file upload33.txt (compact mmCIF, C-alpha atoms)
# COMPACT_ATOMS: atom_id res chain seq x y z
CA MET A 509 69.13 95.78 112.23
CA ARG A 510 71.08 93.24 114.28
CA THR A 511 70.25 90.56 111.77
CA TRP A 512 71.37 92.80 108.93
CA LEU A 513 74.65 93.58 110.71
CA ARG A 514 75.28 89.89 111.35
CA GLU A 515 74.52 88.92 107.77
CA ASN A 516 76.84 91.59 106.39
CA ALA A 517 79.50 91.59 109.09
CA LEU A 518 82.30 90.35 106.84
CA THR A 519 81.77 93.08 104.24
CA LEU A 520 81.34 95.75 106.91
CA PHE A 521 84.50 94.67 108.74
CA PHE A 522 86.62 95.06 105.64
CA LEU A 523 84.97 98.34 104.59
CA VAL A 524 85.70 99.80 108.04
CA ALA A 525 89.24 98.39 107.87
CA LEU A 526 89.62 99.99 104.41
CA ALA A 527 88.50 103.36 105.72
CA GLY A 528 90.85 103.10 108.71
CA ALA A 529 93.82 102.07 106.59
CA LEU A 530 93.13 104.82 104.03
CA ALA A 531 92.97 107.36 106.85
CA GLY A 532 96.21 105.98 108.27
CA GLN A 533 97.85 106.20 104.85
CA ALA A 534 96.61 109.77 104.44
CA PHE A 535 97.95 110.96 107.81
CA SER A 536 101.28 109.13 107.58
CA GLY A 537 101.71 110.15 103.92
CA LEU A 538 101.02 113.80 104.75
CA ALA A 539 103.46 113.67 107.67
CA LEU A 540 106.15 112.18 105.40
CA PHE A 541 105.50 114.76 102.69
CA ASN A 542 105.71 117.60 105.20
CA GLU A 543 108.94 116.18 106.64
CA ARG A 544 110.44 116.59 103.17
CA GLN A 545 108.93 120.06 102.84
CA ALA A 546 110.51 121.07 106.16
CA ALA A 547 113.90 119.72 105.05
CA GLN A 548 113.73 122.17 102.13
CA GLY A 549 112.53 125.02 104.31
CA ALA A 550 109.18 124.91 102.53
CA PRO A 551 105.83 125.55 104.26
CA PRO A 552 103.76 122.46 105.09
CA VAL A 553 100.81 121.47 102.92
CA GLY A 554 97.32 120.80 104.26
CA MET A 555 95.44 117.51 104.22
CA ALA A 556 93.04 118.63 101.47
CA ASP A 557 95.90 119.54 99.13
CA TYR A 558 97.69 116.28 99.89
CA LEU A 559 94.60 114.10 99.37
CA THR A 560 93.83 115.74 96.02
CA GLY A 561 97.43 115.45 94.85
CA SER A 562 98.85 112.94 92.41
CA ARG A 563 101.34 111.46 94.89
CA PHE A 564 98.58 110.18 97.21
CA ALA A 565 96.54 109.00 94.22
CA VAL A 566 99.35 106.97 92.67
CA ASP A 567 100.20 105.35 96.01
CA VAL A 568 96.56 104.28 96.38
CA THR A 569 95.96 103.09 92.83
CA GLU A 570 99.17 101.10 92.48
CA ASN A 571 98.05 98.94 95.39
CA TRP A 572 94.46 98.65 94.23
CA GLN A 573 95.35 97.46 90.75
CA SER A 574 97.51 94.65 92.10
CA GLU A 575 94.83 93.47 94.51
CA TYR A 576 92.22 93.31 91.76
CA LEU A 577 94.71 91.61 89.44
CA GLN A 578 95.21 88.97 92.11
CA PHE A 579 91.50 88.23 92.38
CA PHE A 580 90.85 88.51 88.64
CA LEU A 581 93.63 86.02 87.87
CA PHE A 582 92.65 83.72 90.71
CA ILE A 583 89.03 83.62 89.53
CA TYR A 584 89.99 82.86 85.92
CA VAL A 585 93.00 80.60 86.44
CA THR A 586 91.16 78.34 88.88
CA VAL A 587 88.68 77.54 86.11
CA TRP A 588 91.45 75.78 84.22
CA LEU A 589 94.18 74.88 86.71
CA THR A 590 93.90 72.75 89.85
CA GLN A 591 95.96 72.00 92.93
CA ARG A 592 95.51 68.64 94.59
CA GLY A 593 94.67 69.11 98.28
CA SER A 594 93.87 72.84 98.17
CA PRO A 595 90.46 74.11 99.30
CA GLU A 596 90.98 76.94 96.79
CA SER A 597 90.94 74.47 93.88
CA LYS A 598 88.49 72.20 92.13
CA GLU A 599 89.19 68.47 92.01
CA PRO A 600 91.73 67.62 89.30
CA GLY A 601 89.72 66.34 86.31
CA LYS A 602 87.10 69.08 86.61
CA GLU A 603 89.16 71.67 84.74
CA GLY A 604 87.18 73.91 82.42
CA ARG A 605 83.89 75.75 82.40
CA GLU A 606 81.91 72.65 83.48
CA SER A 607 78.54 71.54 82.17
CA ALA A 608 75.34 73.59 82.16
CA ARG A 609 73.84 71.03 84.55
CA ASP A 610 76.71 71.39 87.05
CA GLN A 611 76.63 75.17 86.81
CA LYS A 612 72.80 75.38 86.92
CA VAL A 613 72.49 77.59 83.88
CA GLY A 614 69.89 77.84 81.10
CA GLU A 615 67.36 75.04 81.30
CA TYR A 616 69.11 73.64 84.39
CA ALA A 617 68.61 76.81 86.43
CA GLY A 618 66.52 76.18 89.52
CA PRO A 619 63.55 78.22 90.76
CA GLU A 620 65.83 80.06 93.20
CA SER A 621 68.57 80.71 90.66
CA PRO A 622 69.16 84.37 89.74
CA ARG A 623 67.10 85.29 86.67
CA PRO A 624 70.15 85.98 84.43
CA ALA A 625 71.29 82.37 85.03
CA ARG A 626 68.30 81.29 82.93
CA ALA A 627 69.13 83.73 80.16
CA THR A 628 70.74 82.63 76.94
CA GLY A 629 72.84 84.67 74.56
CA LEU A 630 74.96 87.64 75.57
CA ARG A 631 73.08 88.31 78.82
CA GLY A 632 73.65 84.79 79.99
CA VAL A 633 77.32 84.84 79.00
CA LEU A 634 77.85 88.16 80.78
CA PHE A 635 76.25 86.93 84.00
CA ALA A 636 78.15 83.65 83.86
CA ASN A 637 81.40 85.61 83.75
CA SER A 638 80.36 88.70 85.69
CA LEU A 639 82.61 88.21 88.72
CA GLY A 640 85.78 87.87 86.67
CA LEU A 641 84.74 90.62 84.27
CA VAL A 642 84.13 93.15 87.04
CA MET A 643 87.41 92.25 88.77
CA ALA A 644 89.22 92.57 85.44
CA ALA A 645 87.54 95.91 84.70
CA VAL A 646 88.49 97.32 88.11
CA PHE A 647 92.03 95.99 87.66
CA PHE A 648 92.50 97.59 84.25
CA GLY A 649 90.80 100.79 85.46
CA SER A 650 93.03 101.00 88.54
CA TRP A 651 96.13 100.23 86.49
CA ALA A 652 95.24 102.94 83.99
CA ALA A 653 94.63 105.29 86.92
CA GLN A 654 98.04 104.38 88.37
CA SER A 655 99.64 105.15 85.01
CA LEU A 656 97.96 108.58 84.80
CA THR A 657 98.48 109.70 88.38
CA GLY A 658 101.99 108.20 88.37
CA TRP A 659 102.73 110.16 85.20
CA VAL A 660 101.75 113.42 86.92
CA ALA A 661 103.84 112.62 90.03
CA TYR A 662 106.79 111.49 87.88
CA ASN A 663 106.78 114.69 85.85
CA ALA A 664 106.62 116.73 89.06
CA ASP A 665 109.68 114.85 90.31
CA ARG A 666 111.46 115.50 87.00
CA LEU A 667 110.74 119.23 87.20
CA ALA A 668 112.01 119.23 90.79
CA GLU A 669 115.25 117.74 89.42
CA HIS A 670 115.25 120.33 86.61
CA GLU A 671 114.69 117.78 83.87
CA ASP A 672 112.30 117.70 80.91
CA THR A 673 108.88 116.13 81.36
CA VAL A 674 107.80 113.01 79.47
CA SER A 675 104.63 112.13 77.55
CA TRP A 676 102.18 109.53 78.90
CA PRO A 677 103.32 106.84 76.41
CA GLY A 678 106.88 107.81 77.34
CA TYR A 679 106.07 107.26 81.02
CA LEU A 680 104.66 103.80 80.25
CA GLY A 681 108.10 102.81 78.96
CA ARG A 682 109.95 104.17 81.99
CA PRO A 683 111.38 101.95 84.76
CA GLU A 684 109.43 103.98 87.35
CA PHE A 685 106.06 102.78 86.05
CA TRP A 686 107.13 99.14 85.78
CA ASN A 687 108.94 99.15 89.11
CA ARG A 688 105.83 100.45 90.88
CA THR A 689 103.77 97.81 89.06
CA MET A 690 106.03 94.79 89.52
CA GLN A 691 106.80 95.36 93.19
CA ASN A 692 103.07 95.11 93.85
CA TRP A 693 102.44 92.17 91.54
CA GLN A 694 105.18 89.99 93.00
CA SER A 695 103.74 90.26 96.51
CA GLU A 696 100.25 89.35 95.30
CA PHE A 697 101.48 86.30 93.41
CA LEU A 698 103.46 85.18 96.47
CA ALA A 699 100.39 85.58 98.68
CA VAL A 700 98.19 83.51 96.33
CA ALA A 701 100.77 80.76 95.88
CA SER A 702 101.25 80.63 99.66
CA MET A 703 97.51 80.35 100.27
CA VAL A 704 97.09 77.60 97.68
CA VAL A 705 99.98 75.50 99.03
CA LEU A 706 99.75 76.15 102.78
CA SER A 707 96.02 75.40 102.81
CA ILE A 708 96.84 71.84 101.71
CA TYR A 709 98.70 71.08 104.91
CA LEU A 710 97.55 73.66 107.45
CA ARG A 711 94.09 74.31 108.91
CA GLN A 712 92.15 77.15 110.46
CA ARG A 713 89.29 75.75 112.45
CA GLY A 714 85.99 77.36 111.53
CA SER A 715 87.25 79.26 108.49
CA PRO A 716 85.66 78.58 105.11
CA GLU A 717 89.02 79.41 103.59
CA SER A 718 90.44 76.26 105.19
CA LYS A 719 89.56 72.61 104.97
CA PRO A 720 87.96 71.10 108.09
CA VAL A 721 90.69 70.33 110.62
CA GLY A 722 90.27 66.59 110.22
CA ALA A 723 90.15 66.58 106.41
CA GLN A 724 92.82 64.67 104.51
CA HIS A 725 95.69 66.60 103.03
CA ARG A 726 94.76 65.16 99.61
CA SER A 727 91.14 66.31 99.82
CA THR A 728 90.57 69.05 97.28
CA GLY A 729 87.93 71.75 97.07
CA ILE A 730 86.48 71.10 100.52
CA GLU A 731 85.88 74.18 102.64
CA GLY A 732 85.39 74.04 106.39
CA MET B 1086 71.19 100.86 104.02
CA ARG B 1087 71.70 98.01 101.58
CA CYS B 1088 74.95 96.24 100.84
CA GLY B 1089 74.66 97.47 97.24
CA GLY B 1090 75.21 101.00 98.55
CA SER B 1091 78.50 99.95 100.13
CA ARG B 1092 79.58 98.34 96.88
CA LEU B 1093 78.78 101.52 95.00
CA VAL B 1094 81.00 103.49 97.38
CA VAL B 1095 83.86 101.04 96.84
CA MET B 1096 83.45 101.18 93.05
CA ALA B 1097 83.30 104.98 93.07
CA LEU B 1098 86.44 105.44 95.21
CA PRO B 1099 88.94 104.78 92.40
CA VAL B 1100 87.18 107.31 90.19
CA VAL B 1101 87.30 109.96 92.92
CA VAL B 1102 90.97 109.30 93.70
CA VAL B 1103 91.98 109.41 90.03
CA CYS B 1104 90.01 112.57 89.26
CA ALA B 1105 91.52 114.27 92.28
CA GLY B 1106 95.04 113.18 91.33
CA LEU B 1107 94.69 114.22 87.71
CA CYS B 1108 93.00 117.53 88.42
CA ALA B 1109 95.82 118.36 90.82
CA GLY B 1110 98.29 117.53 88.07
CA CYS B 1111 96.74 119.65 85.34
CA GLY B 1112 97.43 123.00 86.94
CA THR B 1113 94.62 125.50 87.12
CA GLY B 1114 94.51 128.87 85.42
CA SER B 1115 95.38 130.59 88.70
CA ASP B 1116 98.37 128.23 89.13
CA LYS B 1117 99.68 129.29 85.74
CA ASP B 1118 99.08 132.96 86.51
CA GLY B 1119 100.99 132.54 89.78
CA VAL B 1120 103.90 130.87 87.95
CA ARG B 1121 104.02 133.65 85.35
CA ALA B 1122 103.91 136.33 88.06
CA ALA B 1123 106.76 134.70 90.01
CA ALA B 1124 108.96 134.27 86.91
CA ASN B 1125 108.24 137.78 85.59
CA GLY B 1126 108.84 139.20 89.05
CA LEU B 1127 112.29 137.63 89.28
CA PHE B 1128 113.46 139.09 85.97
CA ARG B 1129 111.87 142.47 86.76
CA ASP B 1130 113.64 142.65 90.14
CA VAL B 1131 116.97 141.79 88.48
CA ARG B 1132 116.42 144.43 85.78
CA ASN B 1133 115.61 146.97 88.50
CA GLY B 1134 118.78 146.05 90.41
CA ASP B 1135 116.76 144.92 93.45
CA GLY B 1136 118.76 141.88 94.56
CA HIS B 1137 116.91 141.55 97.87
CA ALA B 1138 113.56 141.25 96.15
CA ALA B 1139 114.95 138.86 93.53
CA CYS B 1140 116.44 136.57 96.19
CA ALA B 1141 113.15 136.61 98.10
CA ARG B 1142 111.61 134.92 95.03
CA LEU B 1143 114.01 131.97 95.32
CA VAL B 1144 113.58 128.92 97.55
CA PRO B 1145 116.06 129.02 100.47
CA ARG B 1146 118.36 126.38 98.95
CA ALA B 1147 118.61 128.25 95.65
CA ALA B 1148 119.36 131.51 97.48
CA SER B 1149 122.02 129.90 99.67
CA SER B 1150 123.63 128.29 96.60
CA LEU B 1151 124.64 131.82 95.56
CA GLU B 1152 126.21 132.55 98.93
CA THR B 1153 129.74 131.18 98.68
CA GLY B 1154 132.45 132.73 100.81
CA ASP B 1155 131.67 136.39 101.38
CA ALA B 1156 129.30 136.60 98.41
CA ARG B 1157 125.69 137.46 99.26
CA CYS B 1158 122.68 136.35 97.28
CA ASP B 1159 121.40 139.87 96.67
CA GLN B 1160 124.75 140.81 95.07
CA GLN B 1161 125.40 137.59 93.20
CA ILE B 1162 121.99 137.33 91.57
CA LEU B 1163 122.52 140.67 89.84
CA ARG B 1164 125.82 139.46 88.34
CA LEU B 1165 124.41 136.38 86.65
CA GLY B 1166 123.01 138.21 83.63
CA LEU B 1167 119.50 136.83 84.03
CA LYS B 1168 117.62 138.52 81.20
CA GLY B 1169 114.46 136.55 80.75
CA GLY B 1170 112.20 137.47 77.85
CA PRO B 1171 108.68 136.81 76.65
CA LEU B 1172 107.14 133.98 78.64
CA GLY B 1173 106.27 130.80 76.82
CA PRO B 1174 103.66 128.22 77.79
CA VAL B 1175 103.59 127.28 81.48
CA GLU B 1176 103.78 123.62 82.51
CA VAL B 1177 102.40 122.76 85.95
CA TRP B 1178 102.75 119.19 87.27
CA ALA B 1179 101.43 118.80 90.82
CA ASP B 1180 103.52 121.18 92.95
CA GLN B 1181 106.22 121.84 90.34
CA ALA B 1182 106.24 124.12 87.31
CA ARG B 1183 108.40 125.25 84.42
CA VAL B 1184 108.19 128.22 82.11
CA ARG B 1185 110.42 129.47 79.34
CA ALA B 1186 111.38 133.14 79.42
CA GLY B 1187 113.12 134.01 76.17
CA ALA B 1188 116.21 131.80 75.97
CA ASP B 1189 116.07 130.98 79.68
CA THR B 1190 114.06 128.32 81.42
CA VAL B 1191 112.77 128.83 84.97
CA PHE B 1192 111.73 126.04 87.36
CA LEU B 1193 109.38 126.81 90.23
CA THR B 1194 107.74 125.04 93.16
CA ARG B 1195 104.51 125.74 94.98
CA TRP B 1196 105.25 127.71 98.13
CA GLY B 1197 102.28 128.18 100.43
CA SER B 1198 99.68 129.99 98.32
CA GLY B 1199 102.24 131.17 95.75
CA TRP B 1200 105.26 129.99 93.77
CA ARG B 1201 109.01 130.32 94.27
CA VAL B 1202 111.89 129.76 91.88
CA THR B 1203 114.05 126.64 92.32
CA ALA B 1204 116.24 127.27 89.28
CA ALA B 1205 116.71 130.08 86.76
CA GLY B 1206 118.94 130.87 83.83
CA CYS B 1207 118.65 127.25 82.73
CA GLU B 1208 119.64 125.72 79.41
CA PRO B 1209 118.81 122.16 78.37
CA ARG B 1210 121.44 119.43 78.10
CA ASP B 1211 121.00 116.07 76.37
CA ASP B 1212 119.67 113.43 78.78
CA ARG B 1213 120.85 115.38 81.82
CA PRO B 1214 119.29 117.97 84.11
CA TYR B 1215 119.28 121.54 82.81
CA ASP B 1216 122.42 123.59 83.32
CA CYS B 1217 121.29 126.50 85.53
CA ASP B 1218 122.89 129.73 86.78
CA VAL B 1219 120.79 129.50 89.95
CA SER B 1220 119.79 126.08 91.26
CA THR B 1221 119.04 124.15 94.44
call {"tool": "encode", "arguments": {"input": "upload33.txt", "output": "structure tokens"}}
result
Amino acid sequence: MRTWLRENALTLFFLVALAGALAGQAFSGLALFNERQAAQGAPPVGMADYLTGSRFAVDVTENWQSEYLQFFLFIYVTVWLTQRGSPESKEPGKEGRESARDQKVGEYAGPESPRPARATGLRGVLFANSLGLVMAAVFFGSWAAQSLTGWVAYNADRLAEHEDTVSWPGYLGRPEFWNRTMQNWQSEFLAVASMVVLSIYLRQRGSPESKPVGAQHRSTGIEG
Amino acid sequence: MRCGGSRLVVMALPVVVVCAGLCAGCGTGSDKDGVRAAANGLFRDVRNGDGHAACARLVPRAASSLETGDARCDQQILRLGLKGGPLGPVEVWADQARVRAGADTVFLTRWGSGWRVTAAGCEPRDDRPYDCDVST
């Protein structure tokens, strides 16, 4: 058990952090919603009603889609683009999908390689791109979810203002949808650009996300 | 417990959140019945000359919007000529709803386990909020 915990500590830490942050969002979001209810003289709503409502759902999904977009883009773009000195990048000159030998696929797969790495055809292609594909699928799924739950919340706001509701395609053309989307995207792109550039010149001893403390600034693709 | 189980939970979370959000937005049959009952009740109370009961169906802000100077809600609401009519389809979006009653449109909000009227006697205007006899 201890060994299992140690070997999975990173995943477990972030799953626990996710649960804690989601709980924090739920309690603070409910308190905010009930503040507005009280201002209108309306009775407060319960946690179950708030958690199953579109306003909580759109707040969750708009953040999720941008996080998965960040990783999906980072995974794909780093195949083709490099940054001299960044541990997040390959060496300049290695742009592209690389050779079967370098990637240990097909006939170059070793005895300890996952079985799909030996596969050819569609199965092999799917496995070779599975990380990016899953990130992309979760991104598009979360973005679609944001659009649907945001549409419900937006129409509720319009009815509260005594205005007509809009169709789903109509919502996709509204500033509300794009403002929610872009304000999340810009922060993700800033975070990635910061990580790529700062990791050239700064170090975090012991972190695999950083180069070793004594590594040259120009060293690329080395993780500590 | 295997790590794959944790991953499954993470992958399933978006589906749960979206289903919950969308189901809440659809409006159940009982939601629509509650909206119809609240809208019908308002017009019935006005027809019966029961201003107190009619005002009790409004949210506080809508009721107080009728109280200017010495005018009281229970008197004013009977002077607005709210007629209503056969109810059209009910739209429920999260905690807000709208229903047409003859030529009038009524807007409602969820209020505890029921519904209350936020605006009544409303007519649409191009690209602007409805023009309402009673509003918040």
call {"tool": "residues_near_point", "arguments": {"input": "upload33.txt", "point": "(119.0, 135.5, 94.3)", "cutoff": "10 Å", "atoms": "only C-alpha atoms", "output": "MDAnalysis selection string"}}
result
chainID B and resid 1127 1130:1131 1135:1145 1147:1152 1157:1165 1202 1205 1219:1220
call {"tool": "write_last_selection", "arguments": {"input": "upload33.txt", "atoms": "C-alpha atoms", "output": "mmCIF file, in the coordinates of the input"}}
result
data_model
loop_
_atom_site.group_PDB
_atom_site.id
_atom_site.type_symbol
_atom_site.label_atom_id
_atom_site.label_comp_id
_atom_site.auth_asym_id
_atom_site.auth_seq_id
_atom_site.Cartn_x
_atom_site.Cartn_y
_atom_site.Cartn_z
ATOM 1 C CA LEU B 1127 112.290 137.630 89.280
ATOM 2 C CA ASP B 1130 113.640 142.650 90.140
ATOM 3 C CA VAL B 1131 116.970 141.790 88.480
ATOM 4 C CA ASP B 1135 116.760 144.920 93.450
ATOM 5 C CA GLY B 1136 118.760 141.880 94.560
ATOM 6 C CA HIS B 1137 116.910 141.550 97.870
ATOM 7 C CA ALA B 1138 113.560 141.250 96.150
ATOM 8 C CA ALA B 1139 114.950 138.860 93.530
ATOM 9 C CA CYS B 1140 116.440 136.570 96.190
ATOM 10 C CA ALA B 1141 113.150 136.610 98.100
ATOM 11 C CA ARG B 1142 111.610 134.920 95.030
ATOM 12 C CA LEU B 1143 114.010 131.970 95.320
ATOM 13 C CA VAL B 1144 113.580 128.920 97.550
ATOM 14 C CA PRO B 1145 116.060 129.020 100.470
ATOM 15 C CA ALA B 1147 118.610 128.250 95.650
ATOM 16 C CA ALA B 1148 119.360 131.510 97.480
ATOM 17 C CA SER B 1149 122.020 129.900 99.670
ATOM 18 C CA SER B 1150 123.630 128.290 96.600
ATOM 19 C CA LEU B 1151 124.640 131.820 95.560
ATOM 20 C CA GLU B 1152 126.210 132.550 98.930
ATOM 21 C CA ARG B 1157 125.690 137.460 99.260
ATOM 22 C CA CYS B 1158 122.680 136.350 97.280
ATOM 23 C CA ASP B 1159 121.400 139.870 96.670
ATOM 24 C CA GLN B 1160 124.750 140.810 95.070
ATOM 25 C CA GLN B 1161 125.400 137.590 93.200
ATOM 26 C CA ILE B 1162 121.990 137.330 91.570
ATOM 27 C CA LEU B 1163 122.520 140.670 89.840
ATOM 28 C CA ARG B 1164 125.820 139.460 88.340
ATOM 29 C CA LEU B 1165 124.410 136.380 86.650
ATOM 30 C CA VAL B 1202 111.890 129.760 91.880
ATOM 31 C CA ALA B 1205 116.710 130.080 86.760
ATOM 32 C CA VAL B 1219 120.790 129.500 89.950
ATOM 33 C CA SER B 1220 119.790 126.080 91.260
#
call {"tool": "closest_atom_pairs", "arguments": {"input": "upload33.txt", "of": "chain A", "to": "chain B", "cutoff": "8 Å", "atoms": "all atoms listed in the file", "output": "Markdown table"}}
result
| residue | atom | partner | partner_atom | distance |
| --- | --- | --- | --- | --- |
| A:Asn516 | CA | B:Cys1088 | CA | 7.5 |
| A:Gln548 | CA | B:Arg1146 | CA | 7.0 |
| A:Gly549 | CA | B:Pro1145 | CA | 6.6 |
| A:Ala550 | CA | B:Trp1196 | CA | 6.5 |
| A:Pro551 | CA | B:Gly1197 | CA | 5.8 |
| A:Pro552 | CA | B:Gly1197 | CA | 7.5 |
| A:Val553 | CA | B:Gly1197 | CA | 7.3 |
| A:Leu559 | CA | B:Ala1105 | CA | 7.7 |
| A:Thr560 | CA | B:Ala1105 | CA | 4.6 |
| A:Gly561 | CA | B:Gly1106 | CA | 4.8 |
| A:Ser562 | CA | B:Gly1106 | CA | 4.0 |
| A:Arg563 | CA | B:Gly1106 | CA | 7.4 |
| A:Phe564 | CA | B:Gly1106 | CA | 7.5 |
| A:Ala565 | CA | B:Gly1106 | CA | 5.3 |
| A:Val566 | CA | B:Gly1106 | CA | 7.7 |
| A:Val568 | CA | B:Val1102 | CA | 8.0 |
| A:Thr569 | CA | B:Pro1099 | CA | 7.2 |
| A:Ser650 | CA | B:Pro1099 | CA | 6.8 |
| A:Ala653 | CA | B:Val1103 | CA | 5.8 |
| A:Leu656 | CA | B:Leu1107 | CA | 7.1 |
| A:Thr657 | CA | B:Gly1106 | CA | 5.7 |
| A:Val660 | CA | B:Gly1110 | CA | 5.5 |
| A:Ala661 | CA | B:Ala1179 | CA | 6.7 |
| A:Asn663 | CA | B:Trp1178 | CA | 6.2 |
| A:Ala664 | CA | B:Trp1178 | CA | 4.9 |
| A:Asp665 | CA | B:Gln1181 | CA | 7.8 |
| A:Leu667 | CA | B:Gln1181 | CA | 6.1 |
| A:Ala668 | CA | B:Gln1181 | CA | 6.4 |
| A:Glu669 | CA | B:Pro1214 | CA | 6.7 |
| A:His670 | CA | B:Pro1214 | CA | 5.3 |
| A:Glu671 | CA | B:Pro1214 | CA | 4.6 |
| A:Asp672 | CA | B:Pro1214 | CA | 7.7 |
call {"tool": "residues_around", "arguments": {"input": "upload33.txt", "residues": "Glu696 (chain A)", "least_positions_apart": "2", "cutoff": "12 Å", "atoms": "only C-alpha atoms", "output": "list in words"}}
result
Asn571, Trp572, Gln573, Ser574, Glu575, Tyr576, Leu577, Gln578, Phe579, Phe580, Leu581, Phe582, Thr689, Met690, Gln691, Asn692, Trp693, Gln694, Leu698, Ala699, Val700, Ala701, Ser702 and Met703 of chain A
call {"tool": "write_last_selection", "arguments": {"input": "upload33.txt", "atoms": "C-alpha atoms", "output": "mmCIF file, keeping the file's coordinate frame"}}
result
data_model
loop_
_atom_site.group_PDB
_atom_site.id
_atom_site.type_symbol
_atom_site.label_atom_id
_atom_site.label_comp_id
_atom_site.auth_asym_id
_atom_site.auth_seq_id
_atom_site.Cartn_x
_atom_site.Cartn_y
_atom_site.Cartn_z
ATOM 1 C CA ASN A 571 98.050 98.940 95.390
ATOM 2 C CA TRP A 572 94.460 98.650 94.230
ATOM 3 C CA GLN A 573 95.350 97.460 90.750
ATOM 4 C CA SER A 574 97.510 94.650 92.100
ATOM 5 C CA GLU A 575 94.830 93.470 94.510
ATOM 6 C CA TYR A 576 92.220 93.310 91.760
ATOM 7 C CA LEU A 577 94.710 91.610 89.440
ATOM 8 C CA GLN A 578 95.210 88.970 92.110
ATOM 9 C CA PHE A 579 91.500 88.230 92.380
ATOM 10 C CA PHE A 580 90.850 88.510 88.640
ATOM 11 C CA LEU A 581 93.630 86.020 87.870
ATOM 12 C CA PHE A 582 92.650 83.720 90.710
ATOM 13 C CA THR A 689 103.770 97.810 89.060
ATOM 14 C CA MET A 690 106.030 94.790 89.520
ATOM 15 C CA GLN A 691 106.800 95.360 93.190
ATOM 16 C CA ASN A 692 103.070 95.110 93.850
ATOM 17 C CA TRP A 693 102.440 92.170 91.540
ATOM 18 C CA GLN A 694 105.180 89.990 93.000
ATOM 19 C CA LEU A 698 103.460 85.180 96.470
ATOM 20 C CA ALA A 699 100.390 85.580 98.680
ATOM 21 C CA VAL A 700 98.190 83.510 96.330
ATOM 22 C CA ALA A 701 100.770 80.760 95.880
ATOM 23 C CA SER A 702 101.250 80.630 99.660
ATOM 24 C CA MET A 703 97.510 80.350 100.270
#
call {"tool": "atom_distance", "arguments": {"input": "upload33.txt", "atom1": "CA of Gly1199 (chain B)", "atom2": "CA of Gln545 (chain A)"}}
result
14.8 Å
call {"tool": "atom_distance", "arguments": {"input": "upload33.txt", "atom1": "CA of Leu530 (chain A)", "atom2": "CA of Arg514 (chain A)"}}
result
24.4 Å
call {"tool": "atom_distance", "arguments": {"input": "upload33.txt", "atom1": "CA of Phe697 (chain A)", "atom2": "CA of Gly729 (chain A)"}}
result
20.2 Å
call {"tool": "residues_around", "arguments": {"input": "upload33.txt", "residues": "Met555 (chain A)", "least_positions_apart": "2", "cutoff": "8 Å", "atoms": "all atoms listed in the file", "output": "number ranges by chain"}}
result
A: 534-535, 538, 553, 557-559
